[in-house]
Every structure is written in C-alpha cells, then in structure tokens.
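Participant: Dropping in start21.txt, with compact mmCIF, C-alpha atoms.
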# COMPACT_ATOMS: atom_id res chain seq x y z
CA ILE X 1 10.41 -16.74 -33.85
CA VAL X 2 12.99 -18.28 -31.51
CA ILE X 3 14.55 -21.72 -31.97
CA SER X 4 16.34 -23.66 -29.23
CA ASP X 5 17.60 -27.16 -28.49
CA GLU X 6 16.08 -29.46 -25.86
CA ARG X 7 18.08 -27.72 -23.11
CA GLY X 8 16.70 -24.33 -24.12
CA ILE X 9 19.95 -23.07 -25.60
CA ILE X 10 18.99 -20.61 -28.32
CA LEU X 11 20.13 -21.60 -31.81
CA TRP X 12 18.48 -18.86 -33.84
CA TYR X 13 15.91 -16.06 -33.83
CA ASN X 14 14.41 -14.17 -36.71
CA GLU X 15 14.67 -10.52 -37.73
CA ALA X 16 11.27 -9.63 -36.23
CA PHE X 17 12.40 -10.84 -32.80
CA ILE X 18 15.62 -8.82 -33.12
CA GLU X 19 13.69 -5.67 -34.02
CA SER X 20 11.28 -6.03 -31.10
CA THR X 21 13.98 -6.69 -28.49
CA SER X 22 16.48 -4.21 -27.10
CA GLU X 23 20.14 -4.71 -27.96
CA SER X 24 21.17 -5.04 -24.31
CA THR X 25 18.62 -7.80 -23.77
CA LEU X 26 19.72 -9.69 -26.87
CA LEU X 27 23.34 -9.64 -25.69
CA THR X 28 22.41 -11.51 -22.51
CA LEU X 29 19.80 -13.83 -24.03
CA HIS X 30 21.23 -17.33 -24.36
CA ASN X 31 18.48 -19.67 -23.21
CA ALA X 32 14.77 -19.83 -24.01
CA LYS X 33 14.09 -20.29 -20.31
CA GLN X 34 15.06 -16.65 -19.91
CA LEU X 35 11.83 -15.88 -21.73
CA HIS X 36 9.90 -17.98 -19.19
CA LYS X 37 11.26 -20.67 -16.92
CA GLU X 38 8.59 -23.19 -18.02
CA ILE X 39 8.49 -22.33 -21.73
CA LEU X 40 9.84 -25.79 -22.70
CA ASP X 41 7.05 -27.53 -20.79
CA HIS X 42 3.94 -26.04 -22.37
CA ARG X 43 2.50 -25.72 -25.84
CA VAL X 44 1.29 -22.20 -25.03
CA THR X 45 2.93 -19.85 -22.55
CA ASP X 46 1.93 -16.31 -21.67
CA LEU X 47 5.00 -14.32 -20.69
CA THR X 48 6.48 -10.90 -20.10
CA PHE X 49 9.81 -10.16 -21.74
CA ASP X 50 11.78 -6.97 -22.28
CA GLY X 51 8.84 -4.84 -21.16
CA LYS X 52 6.29 -6.48 -23.48
CA PHE X 53 3.63 -9.17 -23.18
CA TYR X 54 3.68 -12.23 -25.43
CA SER X 55 1.85 -15.46 -26.05
CA ALA X 56 4.42 -18.11 -27.07
CA TYR X 57 3.30 -21.17 -29.08
CA MET X 58 5.75 -24.04 -29.13
CA ASP X 59 6.42 -26.80 -31.68
CA CYS X 60 8.87 -29.62 -31.00
CA TYR X 61 10.75 -31.55 -33.66
CA GLN X 62 13.08 -34.53 -33.44
CA PHE X 63 15.98 -33.42 -35.62
CA SER X 64 18.37 -36.26 -34.69
CA GLU X 65 18.53 -39.36 -32.53
CA GLN X 66 20.33 -37.31 -29.90
CA GLY X 67 18.20 -34.21 -29.67
CA GLU X 68 15.08 -32.18 -30.27
CA MET X 69 14.49 -28.72 -31.65
CA PHE X 70 11.96 -26.33 -30.15
CA ILE X 71 10.41 -23.56 -32.23
CA PHE X 72 8.65 -20.75 -30.38
CA TYR X 73 6.25 -18.46 -32.21
CA LEU X 74 5.88 -15.29 -30.14
CA PHE X 75 2.85 -13.06 -30.62
CA ASP X 76 2.99 -9.60 -29.10
CA THR X 77 -0.12 -9.17 -26.89
CA THR X 78 1.00 -5.94 -25.23
CA ASP X 79 -1.78 -3.81 -26.72
CA HIS X 80 -4.39 -6.40 -25.79
CA HIS X 81 -3.01 -6.62 -22.25
CA HIS X 82 -3.11 -2.84 -21.80
CA LEU X 83 -6.62 -2.67 -23.27
CA LYS X 84 -7.83 -5.39 -20.91
CA ARG X 85 -6.18 -3.66 -17.94
CA GLU X 86 -7.74 -0.32 -18.87
CA TYR X 87 -11.13 -1.99 -19.24
CA ASN X 88 -10.86 -3.48 -15.74
CA LEU X 89 -9.67 -0.18 -14.25
CA SER X 90 -12.55 1.72 -15.83
CA ARG X 91 -15.27 -0.64 -14.61
CA PRO X 92 -17.88 1.17 -12.50
CA VAL X 93 -17.87 0.78 -8.74
CA VAL X 94 -20.89 1.81 -6.71
CA ALA X 95 -20.86 2.88 -3.08
CA HIS X 96 -23.69 3.75 -0.74
CA LEU X 97 -22.73 6.17 2.04
CA MET X 98 -24.82 6.93 5.09
CA VAL X 99 -24.40 9.12 8.16
CA ASP X 100 -25.42 6.23 10.37
CA ASN X 101 -26.06 8.19 13.58
CA TYR X 102 -27.96 10.99 11.83
CA ASP X 103 -30.96 11.02 14.18
CA GLU X 104 -28.73 10.92 17.24
CA ILE X 105 -26.53 13.89 16.30
CA PHE X 106 -29.32 16.07 14.87
CA THR X 107 -31.92 15.58 17.60
CA GLY X 108 -32.52 18.81 19.49
CA LEU X 109 -30.53 21.02 17.13
CA LYS X 110 -31.83 24.33 15.89
CA GLU X 111 -32.61 24.57 12.21
CA THR X 112 -29.54 26.76 11.54
CA GLU X 113 -27.30 24.34 13.46
CA ARG X 114 -28.77 21.45 11.53
CA SER X 115 -28.20 23.19 8.19
CA ASN X 116 -24.64 24.24 9.02
CA LEU X 117 -23.62 20.79 10.18
CA MET X 118 -25.17 19.07 7.18
CA ALA X 119 -23.41 21.56 4.89
CA LEU X 120 -20.06 20.68 6.49
CA ILE X 121 -20.68 16.95 6.06
CA ASP X 122 -21.83 17.43 2.45
CA GLU X 123 -18.77 19.53 1.62
CA ALA X 124 -16.34 17.00 3.10
CA ILE X 125 -17.90 14.09 1.23
CA ASP X 126 -18.13 16.14 -2.00
CA GLN X 127 -14.42 17.03 -1.90
CA TRP X 128 -13.42 13.45 -1.14
CA ALA X 129 -15.53 12.12 -4.02
CA GLN X 130 -14.37 14.75 -6.53
CA ALA X 131 -10.72 13.83 -5.92
CA SER X 132 -11.38 10.43 -7.51
CA GLY X 133 -13.22 11.84 -10.52
CA GLY X 134 -16.39 10.04 -9.49
CA ILE X 135 -20.00 11.18 -9.36
CA LEU X 136 -21.73 11.80 -6.03
CA CYS X 137 -25.51 11.98 -5.78
CA HIS X 138 -27.18 13.26 -2.62
CA GLY X 139 -30.10 11.13 -1.56
CA GLU X 140 -32.56 11.51 1.28
CA ARG X 141 -31.17 13.29 4.33
CA GLU X 142 -28.17 11.22 5.42
CA ARG X 143 -27.65 9.07 2.30
CA TYR X 144 -25.35 9.40 -0.71
CA LEU X 145 -24.78 7.38 -3.88
CA PHE X 146 -21.20 7.44 -5.17
CA VAL X 147 -20.14 6.03 -8.55
CA PHE X 148 -16.46 5.89 -9.51
CA GLU X 149 -14.00 3.91 -11.60
CA ASN X 150 -12.37 0.76 -10.29
CA ARG X 151 -8.94 2.43 -10.57
CA ALA X 152 -9.77 4.56 -7.51
CA LEU X 153 -10.80 1.66 -5.29
CA ALA X 154 -7.26 0.55 -4.41
CA GLU X 155 -6.43 4.03 -3.10
CA PHE X 156 -9.63 4.13 -1.04
CA GLU X 157 -8.74 0.76 0.45
CA ARG X 158 -5.16 1.83 1.10
CA THR X 159 -6.34 4.87 3.04
CA ARG X 160 -9.09 2.82 4.72
CA PHE X 161 -11.73 5.21 3.34
CA ASP X 162 -10.28 8.11 5.32
CA ILE X 163 -13.43 10.16 4.71
CA MET X 164 -14.80 8.30 7.73
CA ASP X 165 -12.03 9.79 9.88
CA LYS X 166 -12.73 13.29 8.56
CA ILE X 167 -16.44 13.00 9.32
CA ARG X 168 -15.80 11.53 12.77
CA ALA X 169 -13.45 14.42 13.63
CA MET X 170 -16.12 17.07 13.06
CA GLN X 171 -17.30 19.15 16.01
CA THR X 172 -21.07 19.24 16.44
CA PRO X 173 -23.40 21.30 18.66
CA SER X 174 -24.60 18.06 20.27
CA LYS X 175 -20.97 17.17 21.17
CA LEU X 176 -21.46 13.82 19.42
CA SER X 177 -19.24 12.78 16.51
CA PRO X 178 -21.01 11.98 13.23
CA THR X 179 -20.08 8.59 11.82
CA LEU X 180 -20.23 7.27 8.29
CA ALA X 181 -21.05 3.78 7.05
CA ILE X 182 -20.01 2.81 3.50
CA GLY X 183 -21.04 -0.15 1.37
CA VAL X 184 -19.10 -0.88 -1.82
CA GLY X 185 -20.10 -2.99 -4.80
CA ALA X 186 -17.36 -3.89 -7.30
CA ASP X 187 -16.39 -6.61 -9.82
CA THR X 188 -20.02 -7.56 -10.33
CA GLY X 189 -20.30 -7.40 -14.13
CA SER X 190 -22.95 -4.69 -14.39
CA PHE X 191 -23.95 -1.38 -12.83
CA ALA X 192 -27.22 -2.82 -11.50
CA LYS X 193 -25.45 -5.69 -9.77
CA ALA X 194 -22.80 -3.33 -8.38
CA GLU X 195 -25.52 -1.12 -6.90
CA GLU X 196 -27.26 -4.13 -5.38
CA ALA X 197 -23.96 -5.38 -3.93
CA ALA X 198 -23.24 -1.92 -2.48
CA ARG X 199 -26.65 -1.84 -0.83
CA SER X 200 -26.04 -5.26 0.73
CA ALA X 201 -22.56 -4.18 1.87
CA LEU X 202 -24.03 -1.08 3.53
CA ASP X 203 -26.56 -3.23 5.38
CA MET X 204 -23.65 -5.37 6.58
CA ALA X 205 -21.69 -2.33 7.78
CA LEU X 206 -24.76 -1.04 9.64
CA SER X 207 -25.41 -4.44 11.22
CA ARG X 208 -21.89 -4.31 12.64
CA GLY X 209 -22.54 -0.98 14.31
CA GLY X 210 -21.73 1.43 11.50
CA ASP X 211 -18.69 3.72 11.29
CA GLN X 212 -17.02 1.34 8.84
CA ALA X 213 -16.75 0.34 5.19
CA ALA X 214 -17.77 -3.05 3.80
Would you kindly transcribe this structure into structure tokens?
Facilitator:
Amino acid sequence: IVISDERGIILWYNEAFIESTSESTLLTLHNAKQLHKEILDHRVTDLTFDGKFYSAYMDCYQFSEQGEMFIFYLFDTTDHHHLKREYNLSRPVVAHLMVDNYDEIFTGLKETERSNLMALIDEAIDQWAQASGGILCHGERERYLFVFENRALAEFERTRFDIMDKIRAMQTPSKLSPTLAIGVGADTGSFAKAEEAARSALDMALSRGGDQAA
C-alpha cells in the first residue's frame, strides 16, 4: 500500500511495500508518479516498478477542504506476467517449406545426382530446423512441414529466414540454383488454424515467384 496527497507526494507506505522494494529505490521514491506517470488519473493502472509487474488500484478520499488523499493498493502480478509471456512464446508456429523450382533443377539429372542433391537440401533444412528445437517432417518430394515454438520466430525474421540463402547458394549439376518458398502461420489460436494459415502463406509466396517467406 502507498498513500500520497493530490500532487502525488508520498505520505506513507506499508511494510509489505518496503519488503518488496529495494533500499536504493526507496531512497529515491518521493512521488507516486514515479510508479507510473498517470497513476493519479486512473482507478486501475498496470505498471512496472523496481523490476516487478504490478496492478495498482486507487481510492481517493477528501481528507480536508484543501486536499485529497490517494491510496494505492499494489498487487504483484510478476508471476502472472511471466507465465503469460511463456505461454505466448511457447505457442506453436507452423511453416510449410517447398523447393519451388524442384522440377526445373532436377530435370535431366541422373538418379545418383538427384539423390545427392536432395540429400544436401534435406541436410541443410534439417540442421536449420534443429537449431530452433522444432520438428521437421519431410513430405512429398520437395515439401516440408516445420513446427516450432513462437520464441524462435523473431530470430527467423531477424535473419530473414537465412535458410533460403543457404539453399540458393548450393551448386547443382544443372547449374541452376535451388530456391525455397516458406509460408508461416502464427498467432492463430490453434494448431489447425496455424497450419491452414501457413498453407495460405506458402501459396502467396509461390504466387509472387517463390524464393521468399510469407
């Protein structure tokens, strides 16, 4: 509990607040607006203070003709915040991958050349997928289904799905570079919807000429 006047100047806080706040922070805490700049303006304020997350509920009392007193009840929501964040990070993301010029690069190749090239592509995609802790399923010929946690998506986006660069850089007997199209389904609420979104995203990437992620 924290109590302040109408200007936010702190008049008192209870023992529980003292125990949950570092000594250095308490020494510099003089105004409730240091908790959140708009804490005096709302009945409920979600805030971050001294490395923790709180929901602050405010009551206002007229204690004299000249002033008001604000009482803030702070509830520590740190565990809930971390649990919610972990839940969001662990949500499944589905990606469909496809060697979009498969027929073009494999036409005319000998069976051994075909097998060797496909093994190289499979190995590169396998290693890339394993680094994220995801699960890669090989589909028909040039297709792959990749399931991973949402926490890995930001890194894939940051590197612009660099697996496409690795596949494109491969040398092939046909002298043509293999290219990869990727469709990603995320933040859809269920695995089935994520898979459907990934399929639609792959169709979009292919309609744009392939060799890209959508």
Participant: May I have the residues within 9 Å of Ala152 of chain X as a compact mmCIF listing (two decimals) with C-alpha atoms, keeping the file's coordinate frame, using all atoms listed in the file and disregarding those fewer than 3 positions away in the same chain?
Facilitator:
# COMPACT_ATOMS: atom_id res chain seq x y z
CA LEU X 89 -9.67 -0.18 -14.25
CA SER X 132 -11.38 10.43 -7.51
CA GLY X 133 -13.22 11.84 -10.52
CA GLY X 134 -16.39 10.04 -9.49
CA PHE X 148 -16.46 5.89 -9.51
CA GLU X 149 -14.00 3.91 -11.60
CA GLU X 155 -6.43 4.03 -3.10
CA PHE X 156 -9.63 4.13 -1.04
CA GLU X 157 -8.74 0.76 0.45
Participant: For a quick check of understanding, using only C-alpha atoms, which of X:Ala192, X:Gln130, X:Leu35, X:Val2 has the smallest distance to Glu15 of chain X?
Facilitator: X:Val2
Participant: For each of X:Met69, X:Leu180, X:Ala129, X:Met164, take the minimum atom-to-atom distance to Asp5 of chain X, counting all atoms listed in the file, then give the residue where this is smallest.
Facilitator: X:Met69
Participant: Given all atoms listed in the file as the basis, pick out the residue of X:Arg114, X:His42, X:Lys175, X:His96 nearest to Ala205 of chain X.
Facilitator: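 Result for the nearest residue to Ala205 of chain X: X:His96.
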Participant: Skip Ser200 of chain X itself and residues of its chain fewer than 4 positions away, then list as a list in words all residues within 10 Å of it, counting only C-alpha atoms.
Facilitator: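 Selected residues are His96, Gly183, Val184, Gly185, Ala194, Glu195, Glu196, Met204, Ala205, Leu206 and Ala214 of chain X.
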Participant: Take atom CA of Phe191 of chain X and atom CA of Gln127 of chain X and report the distance between them in Å, one decimal.
Facilitator: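 Going from atom CA of Phe191 of chain X over to atom CA of Gln127 of chain X, I get 23.4 Å.
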Participant: Which of these residues is nearest to Leu97 of chain X, using all atoms listed in the file: X:Thr77, X:Gln171, X:Thr28, X:Thr179?
Facilitator: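 Result for the nearest residue to Leu97 of chain X: X:Thr179.
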Participant: Residues within 10 Å of Asp126 of chain X, please, as a list in words. Count only C-alpha atoms; anything in the same chain fewer than 3 positions from it doesn't count.
Facilitator: Leu120, Ile121, Asp122, Glu123, Ala129, Gln130, Ala131, Gly134, Ile135, Leu136, Cys137, His138, Tyr144 and Phe146 of chain X
Participant: Measuring between only C-alpha atoms, which one of X:Lys193, X:Lys110, X:Arg7, X:Arg85 shows the shortest distance to Arg151 of chain X?
Facilitator: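 Going through X:Lys193, X:Lys110, X:Arg7, X:Arg85 one by one, the smallest distance to Arg151 of chain X is for X:Arg85.
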Participant: If you measure from atom CA of His80 of chain X to atom CA of Ala197 of chain X, what distance in Å do you get, rounded to one decimal?
Facilitator: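 Result for atom CA of His80 of chain X versus atom CA of Ala197 of chain X: 29.4 Å, one decimal.
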Participant: For segment 48-50 of chain X, please output as a short mmCIF file (atom, residue, chain, number, x, y, z; two decimals) with C-alpha atoms, in the frame of the given file all residues within 12 Å (counting only C-alpha atoms; exclusion window: fewer than 2 positions along the same chain).
Facilitator:
data_model
loop_
_atom_site.label_atom_id
_atom_site.label_comp_id
_atom_site.auth_asym_id
_atom_site.auth_seq_id
_atom_site.Cartn_x
_atom_site.Cartn_y
_atom_site.Cartn_z
CA PHE X 17 12.40 -10.84 -32.80
CA ILE X 18 15.62 -8.82 -33.12
CA GLU X 19 13.69 -5.67 -34.02
CA SER X 20 11.28 -6.03 -31.10
CA THR X 21 13.98 -6.69 -28.49
CA SER X 22 16.48 -4.21 -27.10
CA GLU X 23 20.14 -4.71 -27.96
CA SER X 24 21.17 -5.04 -24.31
CA THR X 25 18.62 -7.80 -23.77
CA LEU X 26 19.72 -9.69 -26.87
CA THR X 28 22.41 -11.51 -22.51
CA LEU X 29 19.80 -13.83 -24.03
CA ALA X 32 14.77 -19.83 -24.01
CA LYS X 33 14.09 -20.29 -20.31
CA GLN X 34 15.06 -16.65 -19.91
CA LEU X 35 11.83 -15.88 -21.73
CA HIS X 36 9.90 -17.98 -19.19
CA LYS X 37 11.26 -20.67 -16.92
CA ILE X 39 8.49 -22.33 -21.73
CA THR X 45 2.93 -19.85 -22.55
CA ASP X 46 1.93 -16.31 -21.67
CA LYS X 52 6.29 -6.48 -23.48
CA PHE X 53 3.63 -9.17 -23.18
CA TYR X 54 3.68 -12.23 -25.43
CA SER X 55 1.85 -15.46 -26.05
CA ALA X 56 4.42 -18.11 -27.07
CA LEU X 74 5.88 -15.29 -30.14
CA PHE X 75 2.85 -13.06 -30.62
CA ASP X 76 2.99 -9.60 -29.10
CA THR X 77 -0.12 -9.17 -26.89
CA THR X 78 1.00 -5.94 -25.23
CA HIS X 81 -3.01 -6.62 -22.25
#
Participant: Do you have the atom CA of Asn88 of chain X-atom CA of Ala198 of chain X distance handy?
Facilitator: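 Straight-line distance from atom CA of Asn88 of chain X to atom CA of Ala198 of chain X works out to 18.2 Å.
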Participant: Compare X:Ser207, X:Thr172, X:Thr188, X:Asn14 by their minimum atom-to-atom distance to Glu104 of chain X, counting all atoms listed in the file, and give me the closest one.
Facilitator: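 Closest to Glu104 of chain X, using all atoms listed in the file: X:Thr172.
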Participant: Enclose the full set of atoms of segment 155-170 of chain X listed in the file within a box whose edges lie along x, y and z, apply 6 Å of padding to each of the six sides, and report centre and edge lengths in Å to one decimal as JSON.
Facilitator:
{"center_x": -10.8, "center_y": 8.9, "center_z": 5.3, "size_x": 23.3, "size_y": 28.3, "size_z": 28.7}
Participant: Mind rebuilding segment 30-60 of chain X with N, CA and C atoms and writing that out as a PDB file, in the frame of the given file?
Facilitator:
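Generated file (result.pdb):
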ATOM      1  N   HIS X  30      20.568 -16.119 -23.880  1.00  0.00           N
ATOM      2  CA  HIS X  30      21.230 -17.330 -24.360  1.00  0.00           C
ATOM      3  C   HIS X  30      20.350 -18.570 -24.267  1.00  0.00           C
ATOM      4  N   ASN X  31      19.316 -18.507 -23.443  1.00  0.00           N
ATOM      5  CA  ASN X  31      18.480 -19.670 -23.210  1.00  0.00           C
ATOM      6  C   ASN X  31      17.011 -19.274 -23.264  1.00  0.00           C
ATOM      7  N   ALA X  32      16.205 -20.122 -23.891  1.00  0.00           N
ATOM      8  CA  ALA X  32      14.770 -19.830 -24.010  1.00  0.00           C
ATOM      9  C   ALA X  32      14.093 -19.720 -22.656  1.00  0.00           C
ATOM     10  N   LYS X  33      14.680 -20.358 -21.645  1.00  0.00           N
ATOM     11  CA  LYS X  33      14.090 -20.290 -20.310  1.00  0.00           C
ATOM     12  C   LYS X  33      14.197 -18.887 -19.716  1.00  0.00           C
ATOM     13  N   GLN X  34      15.004 -18.047 -20.345  1.00  0.00           N
ATOM     14  CA  GLN X  34      15.060 -16.650 -19.910  1.00  0.00           C
ATOM     15  C   GLN X  34      13.786 -15.906 -20.330  1.00  0.00           C
ATOM     16  N   LEU X  35      13.115 -16.443 -21.349  1.00  0.00           N
ATOM     17  CA  LEU X  35      11.830 -15.880 -21.730  1.00  0.00           C
ATOM     18  C   LEU X  35      10.776 -16.222 -20.680  1.00  0.00           C
ATOM     19  N   HIS X  36      10.787 -17.478 -20.260  1.00  0.00           N
ATOM     20  CA  HIS X  36       9.900 -17.980 -19.190  1.00  0.00           C
ATOM     21  C   HIS X  36      10.479 -19.308 -18.738  1.00  0.00           C
ATOM     22  N   LYS X  37      10.568 -19.500 -17.443  1.00  0.00           N
ATOM     23  CA  LYS X  37      11.260 -20.670 -16.920  1.00  0.00           C
ATOM     24  C   LYS X  37      10.598 -21.993 -17.302  1.00  0.00           C
ATOM     25  N   GLU X  38       9.299 -21.955 -17.675  1.00  0.00           N
ATOM     26  CA  GLU X  38       8.590 -23.190 -18.020  1.00  0.00           C
ATOM     27  C   GLU X  38       8.208 -23.241 -19.496  1.00  0.00           C
ATOM     28  N   ILE X  39       8.881 -22.434 -20.318  1.00  0.00           N
ATOM     29  CA  ILE X  39       8.490 -22.330 -21.730  1.00  0.00           C
ATOM     30  C   ILE X  39       8.682 -23.647 -22.482  1.00  0.00           C
ATOM     31  N   LEU X  40       9.608 -24.498 -22.034  1.00  0.00           N
ATOM     32  CA  LEU X  40       9.840 -25.790 -22.700  1.00  0.00           C
ATOM     33  C   LEU X  40       8.793 -26.823 -22.330  1.00  0.00           C
ATOM     34  N   ASP X  41       7.974 -26.523 -21.327  1.00  0.00           N
ATOM     35  CA  ASP X  41       7.050 -27.530 -20.790  1.00  0.00           C
ATOM     36  C   ASP X  41       5.617 -27.377 -21.272  1.00  0.00           C
ATOM     37  N   HIS X  42       5.332 -26.294 -21.991  1.00  0.00           N
ATOM     38  CA  HIS X  42       3.940 -26.040 -22.370  1.00  0.00           C
ATOM     39  C   HIS X  42       3.836 -25.658 -23.844  1.00  0.00           C
ATOM     40  N   ARG X  43       2.746 -26.079 -24.450  1.00  0.00           N
ATOM     41  CA  ARG X  43       2.500 -25.720 -25.840  1.00  0.00           C
ATOM     42  C   ARG X  43       2.246 -24.219 -25.994  1.00  0.00           C
ATOM     43  N   VAL X  44       1.568 -23.644 -25.003  1.00  0.00           N
ATOM     44  CA  VAL X  44       1.290 -22.200 -25.030  1.00  0.00           C
ATOM     45  C   VAL X  44       1.706 -21.595 -23.705  1.00  0.00           C
ATOM     46  N   THR X  45       2.464 -20.524 -23.768  1.00  0.00           N
ATOM     47  CA  THR X  45       2.930 -19.850 -22.550  1.00  0.00           C
ATOM     48  C   THR X  45       2.720 -18.345 -22.693  1.00  0.00           C
ATOM     49  N   ASP X  46       2.048 -17.763 -21.725  1.00  0.00           N
ATOM     50  CA  ASP X  46       1.930 -16.310 -21.670  1.00  0.00           C
ATOM     51  C   ASP X  46       3.095 -15.778 -20.845  1.00  0.00           C
ATOM     52  N   LEU X  47       3.790 -14.789 -21.368  1.00  0.00           N
ATOM     53  CA  LEU X  47       5.000 -14.320 -20.690  1.00  0.00           C
ATOM     54  C   LEU X  47       5.206 -12.827 -20.871  1.00  0.00           C
ATOM     55  N   THR X  48       6.053 -12.289 -20.010  1.00  0.00           N
ATOM     56  CA  THR X  48       6.480 -10.900 -20.100  1.00  0.00           C
ATOM     57  C   THR X  48       7.982 -10.888 -20.350  1.00  0.00           C
ATOM     58  N   PHE X  49       8.391 -10.173 -21.383  1.00  0.00           N
ATOM     59  CA  PHE X  49       9.810 -10.160 -21.740  1.00  0.00           C
ATOM     60  C   PHE X  49      10.178  -8.809 -22.321  1.00  0.00           C
ATOM     61  N   ASP X  50      11.246  -8.246 -21.794  1.00  0.00           N
ATOM     62  CA  ASP X  50      11.780  -6.970 -22.280  1.00  0.00           C
ATOM     63  C   ASP X  50      10.699  -5.894 -22.314  1.00  0.00           C
ATOM     64  N   GLY X  51       9.853  -5.872 -21.284  1.00  0.00           N
ATOM     65  CA  GLY X  51       8.840  -4.840 -21.160  1.00  0.00           C
ATOM     66  C   GLY X  51       7.600  -5.049 -22.004  1.00  0.00           C
ATOM     67  N   LYS X  52       7.456  -6.204 -22.639  1.00  0.00           N
ATOM     68  CA  LYS X  52       6.290  -6.480 -23.480  1.00  0.00           C
ATOM     69  C   LYS X  52       5.637  -7.791 -23.054  1.00  0.00           C
ATOM     70  N   PHE X  53       4.387  -7.958 -23.480  1.00  0.00           N
ATOM     71  CA  PHE X  53       3.630  -9.170 -23.180  1.00  0.00           C
ATOM     72  C   PHE X  53       3.531 -10.006 -24.452  1.00  0.00           C
ATOM     73  N   TYR X  54       3.728 -11.313 -24.287  1.00  0.00           N
ATOM     74  CA  TYR X  54       3.680 -12.230 -25.430  1.00  0.00           C
ATOM     75  C   TYR X  54       2.886 -13.487 -25.079  1.00  0.00           C
ATOM     76  N   SER X  55       2.326 -14.090 -26.129  1.00  0.00           N
ATOM     77  CA  SER X  55       1.850 -15.460 -26.050  1.00  0.00           C
ATOM     78  C   SER X  55       2.782 -16.278 -26.929  1.00  0.00           C
ATOM     79  N   ALA X  56       3.436 -17.297 -26.342  1.00  0.00           N
ATOM     80  CA  ALA X  56       4.420 -18.110 -27.070  1.00  0.00           C
ATOM     81  C   ALA X  56       3.819 -19.490 -27.366  1.00  0.00           C
ATOM     82  N   TYR X  57       3.803 -19.866 -28.657  1.00  0.00           N
ATOM     83  CA  TYR X  57       3.300 -21.170 -29.080  1.00  0.00           C
ATOM     84  C   TYR X  57       4.499 -22.015 -29.491  1.00  0.00           C
ATOM     85  N   MET X  58       4.566 -23.218 -28.947  1.00  0.00           N
ATOM     86  CA  MET X  58       5.750 -24.040 -29.130  1.00  0.00           C
ATOM     87  C   MET X  58       5.473 -25.279 -29.985  1.00  0.00           C
ATOM     88  N   ASP X  59       6.400 -25.539 -30.920  1.00  0.00           N
ATOM     89  CA  ASP X  59       6.420 -26.800 -31.680  1.00  0.00           C
ATOM     90  C   ASP X  59       7.722 -27.508 -31.389  1.00  0.00           C
ATOM     91  N   CYS X  60       7.676 -28.830 -31.306  1.00  0.00           N
ATOM     92  CA  CYS X  60       8.870 -29.620 -31.000  1.00  0.00           C
ATOM     93  C   CYS X  60       9.136 -30.610 -32.117  1.00  0.00           C
TER      94      CYS X  60
END
